[in-house]
file upload35.cif (mmCIF, C-alpha atoms)
data_model
#
loop_
_atom_site.label_atom_id
_atom_site.label_comp_id
_atom_site.auth_asym_id
_atom_site.auth_seq_id
_atom_site.Cartn_x
_atom_site.Cartn_y
_atom_site.Cartn_z
CA MET A 3 26.45 65.55 18.71
CA SER A 4 28.48 64.02 15.90
CA ASN A 5 31.59 63.07 17.77
CA HIS A 6 32.17 59.44 16.84
CA THR A 7 35.06 58.61 14.54
CA LEU A 8 35.93 55.45 12.67
CA SER A 9 38.82 53.33 13.74
CA ASN A 10 41.30 51.79 11.33
CA PRO A 11 39.42 49.26 9.14
CA GLN A 12 42.26 46.83 9.73
CA GLU A 13 40.97 46.53 13.27
CA TRP A 14 37.34 45.93 12.35
CA VAL A 15 37.56 42.12 12.17
CA ASP A 16 39.18 41.89 15.59
CA GLN A 17 36.89 44.42 17.20
CA TYR A 18 33.55 43.55 15.63
CA GLY A 19 33.95 40.28 13.73
CA ASP A 20 32.43 38.02 16.36
CA TYR A 21 29.59 40.40 17.14
CA LEU A 22 28.60 40.84 13.48
CA TYR A 23 28.93 37.10 12.88
CA ARG A 24 26.66 36.31 15.82
CA TYR A 25 24.04 38.72 14.55
CA ALA A 26 24.21 37.26 11.04
CA TYR A 27 24.18 33.68 12.28
CA MET A 28 21.17 34.37 14.48
CA GLN A 29 19.17 35.41 11.43
CA LEU A 30 20.64 33.15 8.76
CA ARG A 31 21.54 30.02 10.72
CA ASP A 32 24.24 29.12 8.20
CA GLN A 33 27.95 29.46 8.96
CA GLN A 34 29.18 30.05 5.41
CA LEU A 35 26.42 32.48 4.60
CA ALA A 36 26.98 34.41 7.82
CA GLU A 37 30.72 34.61 7.16
CA ASP A 38 30.13 35.85 3.61
CA ILE A 39 27.70 38.51 4.76
CA VAL A 40 30.09 39.76 7.43
CA GLN A 41 32.78 40.06 4.78
CA GLU A 42 30.41 41.88 2.40
CA THR A 43 29.43 44.21 5.22
CA LEU A 44 33.00 45.18 6.09
CA LEU A 45 33.91 45.67 2.44
CA ALA A 46 30.84 47.86 1.92
CA ALA A 47 31.75 49.82 5.05
CA LEU A 48 35.25 50.30 3.69
CA GLN A 49 33.81 51.95 0.57
CA ALA A 50 31.34 54.01 2.55
CA GLN A 51 33.62 55.48 5.22
CA ASN A 52 33.07 59.01 3.99
CA LYS A 53 29.34 58.56 4.52
CA PHE A 54 29.74 57.91 8.24
CA SER A 55 28.15 60.86 9.98
CA GLY A 56 29.51 60.20 13.44
CA LYS A 57 26.05 60.45 14.98
CA SER A 58 26.08 56.76 15.91
CA THR A 59 28.90 54.61 17.12
CA GLU A 60 31.05 52.67 14.69
CA LYS A 61 29.51 49.42 15.95
CA THR A 62 25.96 50.68 15.39
CA TRP A 63 26.91 51.89 11.94
CA LEU A 64 28.43 48.56 10.93
CA THR A 65 25.45 46.68 12.39
CA GLY A 66 23.14 48.86 10.31
CA ILE A 67 24.99 47.92 7.12
CA LEU A 68 24.88 44.26 8.14
CA ARG A 69 21.16 44.41 8.82
CA HIS A 70 20.53 45.90 5.37
CA LYS A 71 22.52 43.14 3.73
CA ILE A 72 20.70 40.45 5.70
CA PHE A 73 17.35 41.96 4.75
CA ASP A 74 18.36 42.19 1.09
CA TYR A 75 19.34 38.54 1.16
CA LEU A 76 16.08 37.46 2.80
CA ARG A 77 13.97 39.62 0.50
CA LYS A 78 15.52 37.97 -2.52
CA LYS A 79 15.29 34.49 -1.04
CA TYR A 80 11.64 34.75 -0.07
CA ARG A 81 10.70 36.13 -3.45
CA GLU A 82 12.59 33.48 -5.41
CA GLN A 83 11.57 30.64 -3.13
CA ALA A 84 8.01 31.76 -2.49
CA HIS A 85 6.68 28.40 -3.66
CA LEU A 86 8.75 26.57 -1.03
CA GLN A 87 7.47 28.56 1.94
CA MET A 88 4.98 27.48 4.58
CA PRO A 89 1.57 29.08 4.07
CA GLU A 90 -0.28 31.05 6.74
CA GLN A 91 -2.26 27.91 7.57
CA THR A 92 0.85 26.27 9.04
CA ASP A 93 1.24 29.06 11.57
CA THR A 94 -2.51 29.14 12.32
CA VAL A 95 -2.46 25.42 13.10
CA ALA A 96 0.63 25.92 15.27
CA VAL A 97 -1.24 28.58 17.27
CA ASP A 98 -4.26 26.26 17.75
CA PHE A 99 -1.95 23.79 19.47
CA TYR A 100 -1.88 25.98 22.59
CA PHE A 101 -5.64 25.84 23.13
CA ASP A 102 -8.16 23.07 23.63
CA ASN A 103 -11.29 22.62 21.53
CA HIS A 104 -13.17 25.06 23.76
CA ASP A 105 -10.52 27.67 22.97
CA HIS A 106 -9.19 27.62 26.54
CA TRP A 107 -5.48 27.58 27.36
CA GLU A 108 -4.04 24.08 27.29
CA PRO A 109 -1.74 23.81 29.18
CA LYS A 110 -2.60 26.76 31.39
CA PRO A 111 0.14 29.38 31.76
CA LYS A 112 1.81 29.23 35.14
CA SER A 113 3.09 32.11 37.23
CA TRP A 114 6.79 32.98 36.77
CA ALA A 115 8.74 33.89 39.89
CA ASN A 116 11.08 36.86 39.44
CA PRO A 117 11.76 36.73 35.70
CA ARG A 118 14.14 39.71 35.84
CA ALA A 119 16.54 37.84 38.10
CA SER A 120 16.97 35.19 35.38
CA LEU A 121 18.56 37.74 33.06
CA GLU A 122 21.69 37.68 35.21
CA GLU A 123 22.21 33.98 34.70
CA LYS A 124 24.28 32.76 31.79
CA ASP A 125 22.38 29.45 31.74
CA PHE A 126 19.18 31.36 31.17
CA TRP A 127 20.48 32.90 27.96
CA HIS A 128 21.64 29.49 26.85
CA GLN A 129 18.11 28.18 27.37
CA PHE A 130 16.62 31.27 25.71
CA SER A 131 18.69 30.65 22.57
CA LYS A 132 17.71 27.00 22.60
CA CYS A 133 14.06 27.99 22.65
CA ALA A 134 14.58 30.56 19.90
CA GLY A 135 16.45 27.91 17.90
CA LYS A 136 13.30 25.79 17.79
CA LEU A 137 11.35 28.42 15.88
CA PRO A 138 11.19 27.71 12.14
CA ASP A 139 13.57 29.90 10.09
CA ARG A 140 11.15 32.49 8.79
CA VAL A 141 9.25 32.70 12.08
CA SER A 142 12.53 33.25 13.92
CA GLN A 143 13.57 35.94 11.46
CA ALA A 144 10.24 37.71 11.94
CA PHE A 145 10.50 37.45 15.71
CA ASN A 146 14.09 38.77 15.85
CA ALA A 147 13.53 41.57 13.36
CA ARG A 148 10.39 42.72 15.13
CA LEU A 149 11.39 42.34 18.78
CA ILE A 150 15.10 43.17 18.62
CA ASP A 151 15.43 45.53 15.66
CA GLU A 152 11.88 46.92 15.87
CA THR A 153 11.61 46.63 12.10
CA PRO A 154 8.34 48.25 11.00
CA TYR A 155 5.52 45.88 10.15
CA GLU A 156 5.15 46.84 6.46
CA GLU A 157 8.86 46.58 5.80
CA LEU A 158 9.00 43.16 7.44
CA CYS A 159 6.08 41.95 5.30
CA LYS A 160 8.00 42.94 2.17
CA ILE A 161 11.22 41.29 3.35
CA LEU A 162 9.51 38.02 4.26
CA ASN A 163 7.07 38.19 1.34
CA ILE A 164 3.97 37.70 3.47
CA SER A 165 0.74 39.59 4.10
CA SER A 166 0.38 41.61 7.27
CA THR A 167 -2.23 39.13 8.52
CA HIS A 168 0.25 36.31 8.09
CA LEU A 169 2.95 38.29 9.87
CA GLY A 170 0.57 38.80 12.79
CA VAL A 171 -0.09 35.07 13.04
CA MET A 172 3.62 34.30 12.74
CA LEU A 173 4.58 36.66 15.56
CA HIS A 174 1.75 35.33 17.70
CA ARG A 175 2.98 31.81 17.10
CA ALA A 176 6.51 32.82 18.03
CA ARG A 177 5.37 34.44 21.28
CA LEU A 178 3.25 31.42 22.25
CA GLN A 179 6.07 29.02 21.47
CA MET A 180 8.78 31.03 23.24
CA ARG A 181 6.60 31.56 26.29
CA GLN A 182 5.81 27.87 26.64
CA CYS A 183 9.36 26.76 25.95
CA LEU A 184 10.76 29.10 28.61
CA GLU A 185 8.12 28.02 31.08
CA GLN A 186 8.71 24.30 30.59
CA ASN A 187 12.50 24.48 30.44
CA TRP A 188 13.30 27.23 32.89
CA PHE A 189 10.61 28.73 35.06
CA HIS A 190 8.82 25.48 35.82
CA LYS A 191 11.29 22.82 34.88
CA MET B 226 -20.90 38.18 26.43
CA LEU B 227 -17.45 37.90 27.91
CA THR B 228 -17.30 34.20 27.11
CA PHE B 229 -17.81 34.89 23.40
CA PHE B 230 -14.30 36.27 23.48
CA SER B 231 -12.38 33.10 24.13
CA CYS B 232 -8.88 33.00 25.55
CA LYS B 233 -7.69 31.96 22.12
CA LYS B 234 -9.17 35.09 20.52
CA ILE B 235 -8.00 37.34 23.35
CA ALA B 236 -4.47 35.93 23.23
CA LYS B 237 -4.33 36.97 19.58
CA LEU B 238 -5.51 40.49 20.47
CA ILE B 239 -2.85 40.68 23.16
CA SER B 240 -0.18 39.70 20.67
CA ASP B 241 -1.50 42.16 18.08
CA SER B 242 -1.52 44.96 20.64
CA GLN B 243 2.25 44.56 20.98
CA ASP B 244 2.73 45.58 17.38
CA GLN B 245 -0.04 48.01 16.62
CA THR B 246 -2.79 50.08 18.18
CA LEU B 247 -5.98 48.08 18.32
CA PRO B 248 -9.34 49.67 17.55
CA TRP B 249 -10.86 50.90 20.80
CA GLN B 250 -13.57 48.23 20.75
CA SER B 251 -10.97 45.44 20.62
CA ARG B 252 -8.95 47.12 23.35
CA LEU B 253 -12.01 47.35 25.55
CA VAL B 254 -12.96 43.70 25.03
CA MET B 255 -9.38 42.68 25.71
CA ARG B 256 -9.14 44.70 28.95
CA MET B 257 -12.47 43.35 30.18
CA HIS B 258 -11.36 39.79 29.58
CA LEU B 259 -7.98 40.40 31.21
CA PHE B 260 -9.75 41.72 34.29
CA VAL B 261 -11.30 38.32 34.89
CA CYS B 262 -8.85 35.88 33.32
CA LYS B 263 -5.63 35.13 35.15
CA TYR B 264 -4.22 32.93 32.37
CA CYS B 265 -4.50 35.61 29.71
CA SER B 266 -3.09 38.10 32.22
CA ARG B 267 -0.11 35.84 32.69
CA PHE B 268 0.31 35.55 28.95
CA GLU B 269 0.32 39.34 28.58
CA ARG B 270 2.82 39.79 31.43
CA GLN B 271 5.08 37.05 30.18
CA ILE B 272 5.28 38.21 26.59
CA ASN B 273 6.11 41.66 27.93
CA HIS B 274 8.92 40.03 29.91
CA ILE B 275 10.15 38.29 26.78
CA GLN B 276 10.14 41.63 24.92
CA GLU B 277 12.11 43.23 27.76
CA MET B 278 14.54 40.34 27.85
CA LEU B 279 15.26 40.71 24.17
CA GLN B 280 15.68 44.44 24.39
CA GLN B 281 18.02 44.20 27.36
CA SER B 282 20.00 41.36 25.91
CA SER B 283 23.01 41.71 23.73
CA ILE B 284 23.63 39.65 20.62
CA ASP B 285 26.61 38.23 22.49
CA ASP B 286 24.25 36.84 25.17
CA LEU B 287 21.95 35.33 22.56
CA GLN B 288 24.62 33.69 20.43
CA SER B 289 27.50 33.24 22.85
CA GLN B 290 28.33 29.84 21.41
CA GLN B 291 28.96 31.25 17.96
CA GLU B 292 32.04 33.04 16.83
CA LEU B 293 34.05 33.60 13.68
CA SER B 294 36.58 30.85 13.12
CA ILE B 295 40.23 31.85 13.00
CA GLU B 296 40.31 30.82 9.35
CA ALA B 297 37.33 33.06 8.54
CA LYS B 298 38.85 35.98 10.44
CA GLN B 299 42.08 35.64 8.51
CA ARG B 300 40.27 35.32 5.21
CA ILE B 301 38.14 38.40 5.80
CA GLN B 302 41.07 40.36 7.19
CA SER B 303 43.19 39.70 4.11
CA THR B 304 40.30 40.58 1.78
CA ILE B 305 40.01 43.94 3.56
CA GLN B 306 43.76 44.40 3.38
CA GLN B 307 43.74 43.70 -0.37
CA LYS B 308 40.99 46.25 -0.94
CA MET B 309 42.84 48.84 1.11
CA ASP B 310 46.07 48.26 -0.81
CA GLN B 311 44.32 48.78 -4.17
#
call {"tool": "encode", "arguments": {"input": "upload35.cif", "output": "structure tokens"}}
result
Amino acid sequence: MSNHTLSNPQEWVDQYGDYLYRYAYMQLRDQQLAEDIVQETLLAALQAQNKFSGKSTEKTWLTGILRHKIFDYLRKKYREQAHLQMPEQTDTVAVDFYFDNHDHWEPKPKSWANPRASLEEKDFWHQFSKCAGKLPDRVSQAFNARLIDETPYEELCKILNISSTHLGVMLHRARLQMRQCLEQNWFHK
Amino acid sequence: MLTFFSCKKIAKLISDSQDQTLPWQSRLVMRMHLFVCKYCSRFERQINHIQEMLQQSSIDDLQSQQELSIEAKQRIQSTIQQKMDQ
């Protein structure tokens, strides 16, 4: 049911500014860049008000515009700076780090007691962001886009300018790294 | 036969299975290994937890220490105002 309406754009910064900024900063890790993209997003939304269908909330709609702009930025960056990017080998080597030379787990994953209870604790989210912050830029972008936004595989490959094999290794690396970081810094400190 | 599929290889299959449907042969090998390997089972459970955590989180949880500076808010606000006045 299309029953959502837009509020006055003059209220957008107050209502959604921090949220949009956080989203942009999470992906771009640069204050100025994140600020600029939030501004671009709100200006684009201003022009596109008549295209708002009302099927989603205003916040979802604005976030969608922001996500497009972030992806456009990354697509351009990873095409222009392709020569500066880490090859697949870097991520493959990073994955190897979690196994010994007999391909067994090293260190061995431990059991986590009641992971769901951790979600209630503010300190947990602080630690979670710290762990996510340790992922290299492109790996973090892949991880966020895939796990939070559920960006389709092929689209993500085009945005990050990598093959689907490389994306698979990158996401695997991210999962291994996040898992170990959370285990060592939270579940089995 | 089961040992040919090392934890390292299986871990990769587990990760891949999060993003796409594996061919049935890979799925079978993976399930058989998981049946006997507690470490890979933990890995599978824990990356599922991480997925759930991310999906249940809000961006505000994940980046609570970040926010738009007052200066940036004012700057963006006035840019919007200018556009609206045009």
call {"tool": "closest_residue", "arguments": {"input": "upload35.cif", "among": "A:Asn163, A:Gly170, A:Glu123, A:Tyr21", "to": "Phe73 in chain A", "atoms": "all atoms listed in the file"}}
result
A:Asn163
call {"tool": "interface_residues", "arguments": {"input": "upload35.cif", "of": "chain A", "to": "chain B", "cutoff": "7 Å", "atoms": "all atoms listed in the file", "output": "PDB file with C-alpha atoms, in the coordinates of the input"}}
result
ATOM      1  CA  GLN A  12      42.260  46.830   9.730  1.00  0.00           C
ATOM      2  CA  VAL A  15      37.560  42.120  12.170  1.00  0.00           C
ATOM      3  CA  GLY A  19      33.950  40.280  13.730  1.00  0.00           C
ATOM      4  CA  ASP A  20      32.430  38.020  16.360  1.00  0.00           C
ATOM      5  CA  TYR A  21      29.590  40.400  17.140  1.00  0.00           C
ATOM      6  CA  TYR A  23      28.930  37.100  12.880  1.00  0.00           C
ATOM      7  CA  ARG A  24      26.660  36.310  15.820  1.00  0.00           C
ATOM      8  CA  TYR A  25      24.040  38.720  14.550  1.00  0.00           C
ATOM      9  CA  MET A  28      21.170  34.370  14.480  1.00  0.00           C
ATOM     10  CA  GLU A  37      30.720  34.610   7.160  1.00  0.00           C
ATOM     11  CA  GLN A  41      32.780  40.060   4.780  1.00  0.00           C
ATOM     12  CA  LEU A  45      33.910  45.670   2.440  1.00  0.00           C
ATOM     13  CA  PHE A 101      -5.640  25.840  23.130  1.00  0.00           C
ATOM     14  CA  ASP A 105     -10.520  27.670  22.970  1.00  0.00           C
ATOM     15  CA  HIS A 106      -9.190  27.620  26.540  1.00  0.00           C
ATOM     16  CA  TRP A 107      -5.480  27.580  27.360  1.00  0.00           C
ATOM     17  CA  LYS A 110      -2.600  26.760  31.390  1.00  0.00           C
ATOM     18  CA  PRO A 111       0.140  29.380  31.760  1.00  0.00           C
ATOM     19  CA  SER A 113       3.090  32.110  37.230  1.00  0.00           C
ATOM     20  CA  TRP A 127      20.480  32.900  27.960  1.00  0.00           C
ATOM     21  CA  SER A 131      18.690  30.650  22.570  1.00  0.00           C
ATOM     22  CA  LEU A 149      11.390  42.340  18.780  1.00  0.00           C
ATOM     23  CA  ILE A 150      15.100  43.170  18.620  1.00  0.00           C
ATOM     24  CA  GLY A 170       0.570  38.800  12.790  1.00  0.00           C
ATOM     25  CA  HIS A 174       1.750  35.330  17.700  1.00  0.00           C
ATOM     26  CA  ARG A 177       5.370  34.440  21.280  1.00  0.00           C
ATOM     27  CA  ARG A 181       6.600  31.560  26.290  1.00  0.00           C
TER      28      ARG A 181
END
call {"tool": "resolve_selection", "arguments": {"input": "upload35.cif", "expression": "the PyMOL selection byres ((chain A and resi 141) around 12)", "output": "VMD selection string"}}
result
chain A and resid 29 to 30 87 to 90 92 to 93 96 134 to 140 142 to 149 158 to 159 162 164 168 to 180
call {"tool": "write_last_selection", "arguments": {"input": "upload35.cif", "atoms": "C-alpha atoms", "output": "PDB file, keeping the file's coordinate frame"}}
result
ATOM      1  CA  GLN A  29      19.170  35.410  11.430  1.00  0.00           C
ATOM      2  CA  LEU A  30      20.640  33.150   8.760  1.00  0.00           C
ATOM      3  CA  GLN A  87       7.470  28.560   1.940  1.00  0.00           C
ATOM      4  CA  MET A  88       4.980  27.480   4.580  1.00  0.00           C
ATOM      5  CA  PRO A  89       1.570  29.080   4.070  1.00  0.00           C
ATOM      6  CA  GLU A  90      -0.280  31.050   6.740  1.00  0.00           C
ATOM      7  CA  THR A  92       0.850  26.270   9.040  1.00  0.00           C
ATOM      8  CA  ASP A  93       1.240  29.060  11.570  1.00  0.00           C
ATOM      9  CA  ALA A  96       0.630  25.920  15.270  1.00  0.00           C
ATOM     10  CA  ALA A 134      14.580  30.560  19.900  1.00  0.00           C
ATOM     11  CA  GLY A 135      16.450  27.910  17.900  1.00  0.00           C
ATOM     12  CA  LYS A 136      13.300  25.790  17.790  1.00  0.00           C
ATOM     13  CA  LEU A 137      11.350  28.420  15.880  1.00  0.00           C
ATOM     14  CA  PRO A 138      11.190  27.710  12.140  1.00  0.00           C
ATOM     15  CA  ASP A 139      13.570  29.900  10.090  1.00  0.00           C
ATOM     16  CA  ARG A 140      11.150  32.490   8.790  1.00  0.00           C
ATOM     17  CA  SER A 142      12.530  33.250  13.920  1.00  0.00           C
ATOM     18  CA  GLN A 143      13.570  35.940  11.460  1.00  0.00           C
ATOM     19  CA  ALA A 144      10.240  37.710  11.940  1.00  0.00           C
ATOM     20  CA  PHE A 145      10.500  37.450  15.710  1.00  0.00           C
ATOM     21  CA  ASN A 146      14.090  38.770  15.850  1.00  0.00           C
ATOM     22  CA  ALA A 147      13.530  41.570  13.360  1.00  0.00           C
ATOM     23  CA  ARG A 148      10.390  42.720  15.130  1.00  0.00           C
ATOM     24  CA  LEU A 149      11.390  42.340  18.780  1.00  0.00           C
ATOM     25  CA  LEU A 158       9.000  43.160   7.440  1.00  0.00           C
ATOM     26  CA  CYS A 159       6.080  41.950   5.300  1.00  0.00           C
ATOM     27  CA  LEU A 162       9.510  38.020   4.260  1.00  0.00           C
ATOM     28  CA  ILE A 164       3.970  37.700   3.470  1.00  0.00           C
ATOM     29  CA  HIS A 168       0.250  36.310   8.090  1.00  0.00           C
ATOM     30  CA  LEU A 169       2.950  38.290   9.870  1.00  0.00           C
ATOM     31  CA  GLY A 170       0.570  38.800  12.790  1.00  0.00           C
ATOM     32  CA  VAL A 171      -0.090  35.070  13.040  1.00  0.00           C
ATOM     33  CA  MET A 172       3.620  34.300  12.740  1.00  0.00           C
ATOM     34  CA  LEU A 173       4.580  36.660  15.560  1.00  0.00           C
ATOM     35  CA  HIS A 174       1.750  35.330  17.700  1.00  0.00           C
ATOM     36  CA  ARG A 175       2.980  31.810  17.100  1.00  0.00           C
ATOM     37  CA  ALA A 176       6.510  32.820  18.030  1.00  0.00           C
ATOM     38  CA  ARG A 177       5.370  34.440  21.280  1.00  0.00           C
ATOM     39  CA  LEU A 178       3.250  31.420  22.250  1.00  0.00           C
ATOM     40  CA  GLN A 179       6.070  29.020  21.470  1.00  0.00           C
ATOM     41  CA  MET A 180       8.780  31.030  23.240  1.00  0.00           C
TER      42      MET A 180
END
call {"tool": "atom_distance", "arguments": {"input": "upload35.cif", "atom1": "CA of Met255 in chain B", "atom2": "CA of Ala115 in chain A"}}
result
24.6 Å
call {"tool": "atom_distance", "arguments": {"input": "upload35.cif", "atom1": "CA of Arg69 in chain A", "atom2": "CA of Gln83 in chain A"}}
result
20.6 Å
call {"tool": "residues_around", "arguments": {"input": "upload35.cif", "residues": "range 59-65 of chain A", "least_positions_apart": "6", "cutoff": "10 Å", "atoms": "all atoms listed in the file", "output": "NGL selection string"}}
result
:A and (4-9 or 14 or 17-18 or 21-22 or 25-26 or 40 or 43-44 or 46-47 or 71)
call {"tool": "atom_distance", "arguments": {"input": "upload35.cif", "atom1": "CA of Leu76 in chain A", "atom2": "CA of Ile161 in chain A"}}
result
6.2 Å
call {"tool": "decode", "arguments": {"input": "upload35.cif", "residues": "range 286-297 of chain B", "atoms": "N, CA, C and O atoms", "output": "PDB file, in the first residue's frame"}}
result
ATOM      1  N   ASP B 286      23.915   1.452  15.258  1.00  0.00           N
ATOM      2  CA  ASP B 286      24.695   0.580  16.155  1.00  0.00           C
ATOM      3  C   ASP B 286      26.132   0.470  15.661  1.00  0.00           C
ATOM      4  O   ASP B 286      27.077   0.489  16.424  1.00  0.00           O
ATOM      5  N   LEU B 287      26.263   0.292  14.337  1.00  0.00           N
ATOM      6  CA  LEU B 287      27.560  -0.019  13.745  1.00  0.00           C
ATOM      7  C   LEU B 287      28.499   1.182  13.676  1.00  0.00           C
ATOM      8  O   LEU B 287      29.704   1.024  13.636  1.00  0.00           O
ATOM      9  N   GLN B 288      27.937   2.371  13.634  1.00  0.00           N
ATOM     10  CA  GLN B 288      28.758   3.571  13.489  1.00  0.00           C
ATOM     11  C   GLN B 288      28.338   4.635  14.491  1.00  0.00           C
ATOM     12  O   GLN B 288      28.300   5.827  14.158  1.00  0.00           O
ATOM     13  N   SER B 289      28.063   4.203  15.717  1.00  0.00           N
ATOM     14  CA  SER B 289      27.504   5.132  16.710  1.00  0.00           C
ATOM     15  C   SER B 289      28.460   6.284  17.029  1.00  0.00           C
ATOM     16  O   SER B 289      28.032   7.336  17.463  1.00  0.00           O
ATOM     17  N   GLN B 290      29.754   6.068  16.769  1.00  0.00           N
ATOM     18  CA  GLN B 290      30.703   7.125  17.121  1.00  0.00           C
ATOM     19  C   GLN B 290      30.798   8.201  16.047  1.00  0.00           C
ATOM     20  O   GLN B 290      31.455   9.211  16.239  1.00  0.00           O
ATOM     21  N   GLN B 291      30.160   7.938  14.916  1.00  0.00           N
ATOM     22  CA  GLN B 291      30.208   8.923  13.833  1.00  0.00           C
ATOM     23  C   GLN B 291      28.942   9.749  13.820  1.00  0.00           C
ATOM     24  O   GLN B 291      27.854   9.235  14.085  1.00  0.00           O
ATOM     25  N   GLU B 292      29.081  10.992  13.512  1.00  0.00           N
ATOM     26  CA  GLU B 292      27.897  11.798  13.217  1.00  0.00           C
ATOM     27  C   GLU B 292      28.313  13.029  12.418  1.00  0.00           C
ATOM     28  O   GLU B 292      29.495  13.409  12.439  1.00  0.00           O
ATOM     29  N   LEU B 293      27.349  13.624  11.762  1.00  0.00           N
ATOM     30  CA  LEU B 293      27.622  14.834  10.986  1.00  0.00           C
ATOM     31  C   LEU B 293      27.968  15.974  11.931  1.00  0.00           C
ATOM     32  O   LEU B 293      27.259  16.201  12.905  1.00  0.00           O
ATOM     33  N   SER B 294      29.045  16.673  11.633  1.00  0.00           N
ATOM     34  CA  SER B 294      29.415  17.820  12.467  1.00  0.00           C
ATOM     35  C   SER B 294      28.363  18.914  12.290  1.00  0.00           C
ATOM     36  O   SER B 294      27.645  18.943  11.282  1.00  0.00           O
ATOM     37  N   ILE B 295      28.296  19.799  13.259  1.00  0.00           N
ATOM     38  CA  ILE B 295      27.335  20.902  13.209  1.00  0.00           C
ATOM     39  C   ILE B 295      27.605  21.747  11.965  1.00  0.00           C
ATOM     40  O   ILE B 295      26.678  22.160  11.266  1.00  0.00           O
ATOM     41  N   GLU B 296      28.875  21.953  11.694  1.00  0.00           N
ATOM     42  CA  GLU B 296      29.275  22.756  10.528  1.00  0.00           C
ATOM     43  C   GLU B 296      28.760  22.100   9.246  1.00  0.00           C
ATOM     44  O   GLU B 296      28.193  22.766   8.369  1.00  0.00           O
ATOM     45  N   ALA B 297      28.940  20.791   9.136  1.00  0.00           N
ATOM     46  CA  ALA B 297      28.485  20.077   7.936  1.00  0.00           C
ATOM     47  C   ALA B 297      26.963  20.137   7.810  1.00  0.00           C
ATOM     48  O   ALA B 297      26.434  20.341   6.722  1.00  0.00           O
TER      49      ALA B 297
END
